[in-house]
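Raw contents of structure_12.cif, mmCIF, C-alpha atoms:
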data_my_file
loop_
_atom_site.group_PDB
_atom_site.id
_atom_site.type_symbol
_atom_site.label_atom_id
_atom_site.label_comp_id
_atom_site.auth_asym_id
_atom_site.auth_seq_id
_atom_site.Cartn_x
_atom_site.Cartn_y
_atom_site.Cartn_z
ATOM 1 C CA MET A 28 77.858 100.425 56.985
ATOM 2 C CA ASN A 29 81.155 101.300 55.312
ATOM 3 C CA PRO A 30 81.260 105.047 54.692
ATOM 4 C CA SER A 31 83.484 106.451 52.002
ATOM 5 C CA LEU A 32 86.298 108.801 52.887
ATOM 6 C CA THR A 33 84.055 111.779 52.135
ATOM 7 C CA GLU A 34 80.578 110.733 53.311
ATOM 8 C CA LYS A 35 79.496 110.486 56.901
ATOM 9 C CA PRO A 36 77.178 107.579 57.720
ATOM 10 C CA PHE A 37 73.623 108.638 58.455
ATOM 11 C CA ALA A 38 70.838 106.826 60.305
ATOM 12 C CA PRO A 39 67.394 108.448 59.886
ATOM 13 C CA SER A 40 66.128 106.764 63.066
ATOM 14 C CA CYS A 41 68.702 108.698 65.110
ATOM 15 C CA GLU A 42 67.272 111.980 63.894
ATOM 16 C CA ARG A 43 63.755 110.844 64.748
ATOM 17 C CA ASN A 44 64.396 109.595 68.274
ATOM 18 C CA ARG A 45 67.263 111.749 69.544
ATOM 19 C CA ASP A 46 65.149 114.456 71.204
ATOM 20 C CA VAL A 47 62.807 112.111 73.069
ATOM 21 C CA ILE A 48 65.814 110.145 74.324
ATOM 22 C CA LEU A 49 67.528 113.380 75.334
ATOM 23 C CA GLU A 50 64.521 114.276 77.500
ATOM 24 C CA ARG A 51 65.016 111.049 79.447
ATOM 25 C CA LEU A 52 68.798 111.469 79.707
ATOM 26 C CA ARG A 53 68.358 114.956 81.155
ATOM 27 C CA VAL A 54 66.532 113.271 84.037
ATOM 28 C CA HIS A 55 68.452 110.036 84.514
ATOM 29 C CA PHE A 56 71.955 111.412 83.888
ATOM 30 C CA ALA A 57 71.422 114.691 85.770
ATOM 31 C CA GLY A 58 73.926 113.776 88.465
ATOM 32 C CA ARG A 59 76.287 111.780 86.281
ATOM 33 C CA ARG A 60 79.692 112.838 84.907
ATOM 34 C CA GLN A 61 81.316 110.033 82.874
ATOM 35 C CA VAL A 62 79.195 108.201 80.281
ATOM 36 C CA LEU A 63 80.213 105.158 78.263
ATOM 37 C CA GLU A 64 78.044 104.695 75.181
ATOM 38 C CA ILE A 65 78.111 101.086 73.980
ATOM 39 C CA GLY A 66 77.514 100.765 70.244
ATOM 40 C CA SER A 67 77.647 104.431 69.255
ATOM 41 C CA GLY A 68 76.862 103.606 65.618
ATOM 42 C CA THR A 69 77.117 106.617 63.340
ATOM 43 C CA GLY A 70 77.795 109.027 66.216
ATOM 44 C CA GLN A 71 74.666 111.099 65.628
ATOM 45 C CA HIS A 72 73.312 110.407 69.108
ATOM 46 C CA ALA A 73 76.670 111.116 70.726
ATOM 47 C CA VAL A 74 77.182 114.567 69.227
ATOM 48 C CA HIS A 75 73.578 115.559 69.938
ATOM 49 C CA PHE A 76 73.650 114.405 73.560
ATOM 50 C CA ALA A 77 77.149 115.680 74.316
ATOM 51 C CA ALA A 78 76.288 119.122 72.928
ATOM 52 C CA ALA A 79 73.059 119.304 74.936
ATOM 53 C CA LEU A 80 74.563 117.884 78.148
ATOM 54 C CA PRO A 81 77.932 119.612 78.558
ATOM 55 C CA HIS A 82 78.288 118.393 82.168
ATOM 56 C CA LEU A 83 78.811 114.873 80.784
ATOM 57 C CA GLN A 84 82.010 113.436 79.367
ATOM 58 C CA TRP A 85 80.504 111.312 76.592
ATOM 59 C CA GLN A 86 82.768 108.392 75.691
ATOM 60 C CA CYS A 87 81.733 106.662 72.483
ATOM 61 C CA SER A 88 82.645 103.086 71.654
ATOM 62 C CA GLU A 89 82.130 100.821 68.667
ATOM 63 C CA ARG A 90 83.462 97.789 66.866
ATOM 64 C CA ALA A 91 86.480 98.434 64.660
ATOM 65 C CA GLU A 92 84.595 98.452 61.357
ATOM 66 C CA ALA A 93 82.271 101.266 62.484
ATOM 67 C CA LEU A 94 84.951 103.561 63.924
ATOM 68 C CA PRO A 95 85.805 105.505 60.713
ATOM 69 C CA GLY A 96 82.249 106.777 60.266
ATOM 70 C CA LEU A 97 81.845 107.468 63.971
ATOM 71 C CA ARG A 98 85.046 109.534 63.968
ATOM 72 C CA MET A 99 83.675 111.671 61.117
ATOM 73 C CA TRP A 100 80.773 112.840 63.275
ATOM 74 C CA LEU A 101 82.947 113.411 66.336
ATOM 75 C CA ASP A 102 85.673 115.228 64.415
ATOM 76 C CA GLU A 103 83.189 117.522 62.710
ATOM 77 C CA ALA A 104 81.428 118.357 65.990
ATOM 78 C CA ALA A 105 84.762 118.888 67.817
ATOM 79 C CA LEU A 106 83.052 118.901 71.207
ATOM 80 C CA PRO A 107 85.317 119.217 74.261
ATOM 81 C CA ASN A 108 83.299 116.584 76.142
ATOM 82 C CA ALA A 109 83.303 113.959 73.364
ATOM 83 C CA PRO A 110 86.792 112.394 73.223
ATOM 84 C CA PRO A 111 87.958 110.032 70.464
ATOM 85 C CA PRO A 112 85.966 106.790 70.409
ATOM 86 C CA LEU A 113 87.130 103.538 71.929
ATOM 87 C CA GLU A 114 87.236 100.295 70.011
ATOM 88 C CA LEU A 115 84.938 97.933 71.894
ATOM 89 C CA ASP A 116 83.638 94.508 71.010
ATOM 90 C CA VAL A 117 81.518 93.364 73.948
ATOM 91 C CA CYS A 118 83.068 89.892 73.693
ATOM 92 C CA GLY A 119 86.600 91.287 73.733
ATOM 93 C CA ARG A 120 88.674 93.603 75.896
ATOM 94 C CA TRP A 121 86.866 96.386 77.740
ATOM 95 C CA PRO A 122 88.365 99.741 78.776
ATOM 96 C CA VAL A 123 90.221 99.886 82.065
ATOM 97 C CA ALA A 124 88.129 102.745 83.425
ATOM 98 C CA HIS A 125 85.075 103.442 85.537
ATOM 99 C CA PHE A 126 81.946 105.235 84.414
ATOM 100 C CA ASP A 127 79.034 106.450 86.512
ATOM 101 C CA ALA A 128 76.682 106.093 83.531
ATOM 102 C CA VAL A 129 76.317 103.715 80.591
ATOM 103 C CA PHE A 130 74.018 104.266 77.620
ATOM 104 C CA THR A 131 73.155 102.005 74.727
ATOM 105 C CA ALA A 132 70.474 102.413 72.069
ATOM 106 C CA ASN A 133 69.099 99.892 69.581
ATOM 107 C CA THR A 134 71.894 97.406 70.201
ATOM 108 C CA LEU A 135 70.427 94.447 72.075
ATOM 109 C CA HIS A 136 68.338 93.306 69.101
ATOM 110 C CA ILE A 137 71.382 93.593 66.803
ATOM 111 C CA MET A 138 73.758 91.619 69.018
ATOM 112 C CA ALA A 139 73.589 87.849 69.229
ATOM 113 C CA TRP A 140 72.142 86.714 72.554
ATOM 114 C CA HIS A 141 75.530 85.481 73.799
ATOM 115 C CA GLU A 142 76.866 88.976 73.113
ATOM 116 C CA VAL A 143 74.088 90.499 75.202
ATOM 117 C CA GLU A 144 75.069 88.114 78.009
ATOM 118 C CA LYS A 145 78.739 89.080 77.628
ATOM 119 C CA MET A 146 77.869 92.767 77.788
ATOM 120 C CA PHE A 147 76.006 92.469 81.064
ATOM 121 C CA ALA A 148 78.676 90.200 82.536
ATOM 122 C CA ALA A 149 81.343 92.804 81.721
ATOM 123 C CA LEU A 150 79.467 95.826 83.075
ATOM 124 C CA PRO A 151 80.373 95.435 86.776
ATOM 125 C CA ALA A 152 84.066 95.926 85.976
ATOM 126 C CA VAL A 153 83.479 99.353 84.371
ATOM 127 C CA LEU A 154 80.620 100.678 86.514
ATOM 128 C CA ALA A 155 81.363 103.066 89.340
ATOM 129 C CA PRO A 156 79.409 102.741 92.593
ATOM 130 C CA SER A 157 75.827 103.983 92.182
ATOM 131 C CA ALA A 158 76.179 104.007 88.389
ATOM 132 C CA THR A 159 73.167 104.325 86.078
ATOM 133 C CA LEU A 160 72.506 102.200 82.988
ATOM 134 C CA VAL A 161 70.028 103.395 80.337
ATOM 135 C CA ILE A 162 68.946 101.069 77.519
ATOM 136 C CA TYR A 163 66.756 102.288 74.655
ATOM 137 C CA GLY A 164 65.033 100.037 72.156
ATOM 138 C CA PRO A 165 62.118 97.647 71.545
ATOM 139 C CA PHE A 166 61.319 94.814 73.951
ATOM 140 C CA ASN A 167 58.843 91.965 74.223
ATOM 141 C CA TYR A 168 56.863 91.350 77.408
ATOM 142 C CA GLY A 169 55.710 87.936 78.503
ATOM 143 C CA GLY A 170 57.186 86.543 75.297
ATOM 144 C CA ARG A 171 54.848 88.667 73.170
ATOM 145 C CA PHE A 172 55.371 91.562 70.788
ATOM 146 C CA THR A 173 53.907 94.862 71.927
ATOM 147 C CA SER A 174 52.738 95.801 68.425
ATOM 148 C CA ASP A 175 52.317 94.465 64.906
ATOM 149 C CA SER A 176 55.096 96.791 63.759
ATOM 150 C CA ASN A 177 57.510 95.270 66.278
ATOM 151 C CA ALA A 178 56.565 91.779 65.087
ATOM 152 C CA ALA A 179 57.298 92.824 61.493
ATOM 153 C CA PHE A 180 60.562 94.433 62.594
ATOM 154 C CA ASP A 181 61.599 91.234 64.362
ATOM 155 C CA ARG A 182 60.891 89.202 61.214
ATOM 156 C CA SER A 183 63.022 91.542 59.131
ATOM 157 C CA LEU A 184 65.856 91.346 61.655
ATOM 158 C CA ARG A 185 65.867 87.550 61.664
ATOM 159 C CA GLU A 186 65.600 87.332 57.882
ATOM 160 C CA GLY A 187 68.713 89.501 57.615
ATOM 161 C CA ALA A 188 70.633 87.655 60.351
ATOM 162 C CA PRO A 189 69.109 84.776 62.353
ATOM 163 C CA HIS A 190 70.975 85.712 65.539
ATOM 164 C CA ARG A 191 69.155 89.049 65.735
ATOM 165 C CA GLY A 192 65.755 89.750 67.212
ATOM 166 C CA ILE A 193 63.783 91.777 69.741
ATOM 167 C CA ARG A 194 64.680 90.630 73.267
ATOM 168 C CA ASP A 195 62.362 89.736 76.120
ATOM 169 C CA PHE A 196 62.287 92.326 78.875
ATOM 170 C CA GLU A 197 62.229 89.641 81.562
ATOM 171 C CA THR A 198 65.423 87.931 80.401
ATOM 172 C CA VAL A 199 67.225 91.258 80.030
ATOM 173 C CA GLU A 200 66.186 92.300 83.534
ATOM 174 C CA ALA A 201 67.427 88.946 84.853
ATOM 175 C CA LEU A 202 70.852 89.598 83.298
ATOM 176 C CA ALA A 203 70.891 93.050 84.869
ATOM 177 C CA ARG A 204 70.139 91.592 88.292
ATOM 178 C CA LEU A 205 73.010 89.119 87.894
ATOM 179 C CA ALA A 206 75.248 92.115 87.168
ATOM 180 C CA GLY A 207 74.153 93.772 90.411
ATOM 181 C CA LEU A 208 71.723 96.215 88.804
ATOM 182 C CA SER A 209 68.182 97.044 89.894
ATOM 183 C CA LEU A 210 65.421 98.319 87.621
ATOM 184 C CA LEU A 211 64.517 101.923 88.407
ATOM 185 C CA ALA A 212 62.209 102.685 85.481
ATOM 186 C CA ASP A 213 60.643 101.157 82.403
ATOM 187 C CA GLU A 214 59.378 104.078 80.364
ATOM 188 C CA GLU A 215 57.235 104.050 77.253
ATOM 189 C CA MET A 216 58.805 105.778 74.255
ATOM 190 C CA PRO A 217 57.492 106.604 70.756
ATOM 191 C CA ALA A 218 57.362 103.974 67.984
ATOM 192 C CA ASN A 219 56.860 101.092 70.454
ATOM 193 C CA ASN A 220 60.263 101.523 72.082
ATOM 194 C CA ARG A 221 61.165 101.535 75.768
ATOM 195 C CA CYS A 222 63.677 103.286 77.973
ATOM 196 C CA LEU A 223 64.957 100.922 80.667
ATOM 197 C CA VAL A 224 66.824 102.499 83.559
ATOM 198 C CA PHE A 225 68.925 100.440 85.967
ATOM 199 C CA ALA A 226 71.048 101.464 88.961
ATOM 200 C CA ARG A 227 73.925 99.766 90.666
#
Could I get this file's structure written as structure tokens?
Amino acid sequence: MNPSLTEKPFAPSCERNRDVILERLRVHFAGRRQVLEIGSGTGQHAVHFAAALPHLQWQCSERAEALPGLRMWLDEAALPNAPPPLELDVCGRWPVAHFDAVFTANTLHIMAWHEVEKMFAALPAVLAPSATLVIYGPFNYGGRFTSDSNAAFDRSLREGAPHRGIRDFETVEALARLAGLSLLADEEMPANNRCLVFAR
């Protein structure tokens, strides 16, 4: 999405799912302080979560082309715990910093699979000891879709870009284990989504 100089980008799905995700973050990030959000998108999630969870320093990140729109949301909110976003391509250079929490929503099915692998391979370098990783989005189990709507969503993703698609939970968990992360929770969310929680 390429916002104009006067229009903020807007994702309706963020408005629909932000409160149910926030409920989970209140639990899983209760003892956390420094959050890196990978793929912050429009910034709608970031400003909502940072405002509701003032104990967290919420560090957004995005690819270069999405930063202008993301900055619009952050600048308008002007939250003390939401600093300027970082430019981050998961296949490129990562920040030289440590975070005790990482959050990403609706990104794994947008990335190419090699990008998902790169993301998990890079996580150990930025995760503090006992860090928490929360991933929100749709997943397949046993190679099967969990609903007809997810199957239709997967078709639309692949028609738009063949490298996209809903990922298998088992392969994602295997990547997390290789990165030194253990699954703490796999929680059902509305609209056939999941909230996966991993700990270092």
May I have the residues within 7 Å of range 144-151 of chain A as a PyMOL selection string, using all atoms listed in the file and disregarding those fewer than 6 positions away in the same chain? chain A and resi 117-118+202-203+206
Could you tell me how far CA of Asp181 in chain A sits from CA of Arg45 in chain A, in Å to one decimal place?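 So the answer is 21.9 Å.
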Rounded to one decimal place, report the CA of Ala179 in chain A-CA of Val199 in chain A distance in Å. 21.1 Å
Pull out every residue that the PyMOL selection byres ((chain A and resi 37) around 8) matches in the shown coordinates and put them as a list in words. Lys35, Pro36, Ala38, Pro39, Thr69 and Gln71 of chain A
Nearest-residue call for Ala201 in chain A, choices A:Ala105, A:Ile137, A:Val143, A:Leu80, using only C-alpha atoms: A:Val143
What would the selection look like, as a ChimeraX atom specification, if the PyMOL selection byres ((chain A and resi 215) around 12) were run on the coordinates I just shared? /A:47-48,51,163-166,173,212-214,216-224
Prev. selection, C-alpha atoms, output as a PDB file, keeping the file's coordinate frame:
ATOM      1  CA  VAL A  47      62.807 112.111  73.069  1.00  0.00           C
ATOM      2  CA  ILE A  48      65.814 110.145  74.324  1.00  0.00           C
ATOM      3  CA  ARG A  51      65.016 111.049  79.447  1.00  0.00           C
ATOM      4  CA  TYR A 163      66.756 102.288  74.655  1.00  0.00           C
ATOM      5  CA  GLY A 164      65.033 100.037  72.156  1.00  0.00           C
ATOM      6  CA  PRO A 165      62.118  97.647  71.545  1.00  0.00           C
ATOM      7  CA  PHE A 166      61.319  94.814  73.951  1.00  0.00           C
ATOM      8  CA  THR A 173      53.907  94.862  71.927  1.00  0.00           C
ATOM      9  CA  ALA A 212      62.209 102.685  85.481  1.00  0.00           C
ATOM     10  CA  ASP A 213      60.643 101.157  82.403  1.00  0.00           C
ATOM     11  CA  GLU A 214      59.378 104.078  80.364  1.00  0.00           C
ATOM     12  CA  MET A 216      58.805 105.778  74.255  1.00  0.00           C
ATOM     13  CA  PRO A 217      57.492 106.604  70.756  1.00  0.00           C
ATOM     14  CA  ALA A 218      57.362 103.974  67.984  1.00  0.00           C
ATOM     15  CA  ASN A 219      56.860 101.092  70.454  1.00  0.00           C
ATOM     16  CA  ASN A 220      60.263 101.523  72.082  1.00  0.00           C
ATOM     17  CA  ARG A 221      61.165 101.535  75.768  1.00  0.00           C
ATOM     18  CA  CYS A 222      63.677 103.286  77.973  1.00  0.00           C
ATOM     19  CA  LEU A 223      64.957 100.922  80.667  1.00  0.00           C
ATOM     20  CA  VAL A 224      66.824 102.499  83.559  1.00  0.00           C
TER      21      VAL A 224
END
Quick one: which residues end up in the PyMOL selection byres ((chain A and resi 114) around 12) for this structure, as a ChimeraX atom specification? /A:63-68,86-95,97-98,111-113,115-122
With C-alpha atoms kept, could you save the residues just selected as a tab-separated table (two decimals), keeping the file's coordinate frame?
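What landed in out25.tsv:
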chain	number	residue	atom	x	y	z
A	63	LEU	CA	80.21	105.16	78.26
A	64	GLU	CA	78.04	104.70	75.18
A	65	ILE	CA	78.11	101.09	73.98
A	66	GLY	CA	77.51	100.76	70.24
A	67	SER	CA	77.65	104.43	69.26
A	68	GLY	CA	76.86	103.61	65.62
A	86	GLN	CA	82.77	108.39	75.69
A	87	CYS	CA	81.73	106.66	72.48
A	88	SER	CA	82.64	103.09	71.65
A	89	GLU	CA	82.13	100.82	68.67
A	90	ARG	CA	83.46	97.79	66.87
A	91	ALA	CA	86.48	98.43	64.66
A	92	GLU	CA	84.60	98.45	61.36
A	93	ALA	CA	82.27	101.27	62.48
A	94	LEU	CA	84.95	103.56	63.92
A	95	PRO	CA	85.80	105.50	60.71
A	97	LEU	CA	81.84	107.47	63.97
A	98	ARG	CA	85.05	109.53	63.97
A	111	PRO	CA	87.96	110.03	70.46
A	112	PRO	CA	85.97	106.79	70.41
A	113	LEU	CA	87.13	103.54	71.93
A	115	LEU	CA	84.94	97.93	71.89
A	116	ASP	CA	83.64	94.51	71.01
A	117	VAL	CA	81.52	93.36	73.95
A	118	CYS	CA	83.07	89.89	73.69
A	119	GLY	CA	86.60	91.29	73.73
A	120	ARG	CA	88.67	93.60	75.90
A	121	TRP	CA	86.87	96.39	77.74
A	122	PRO	CA	88.36	99.74	78.78
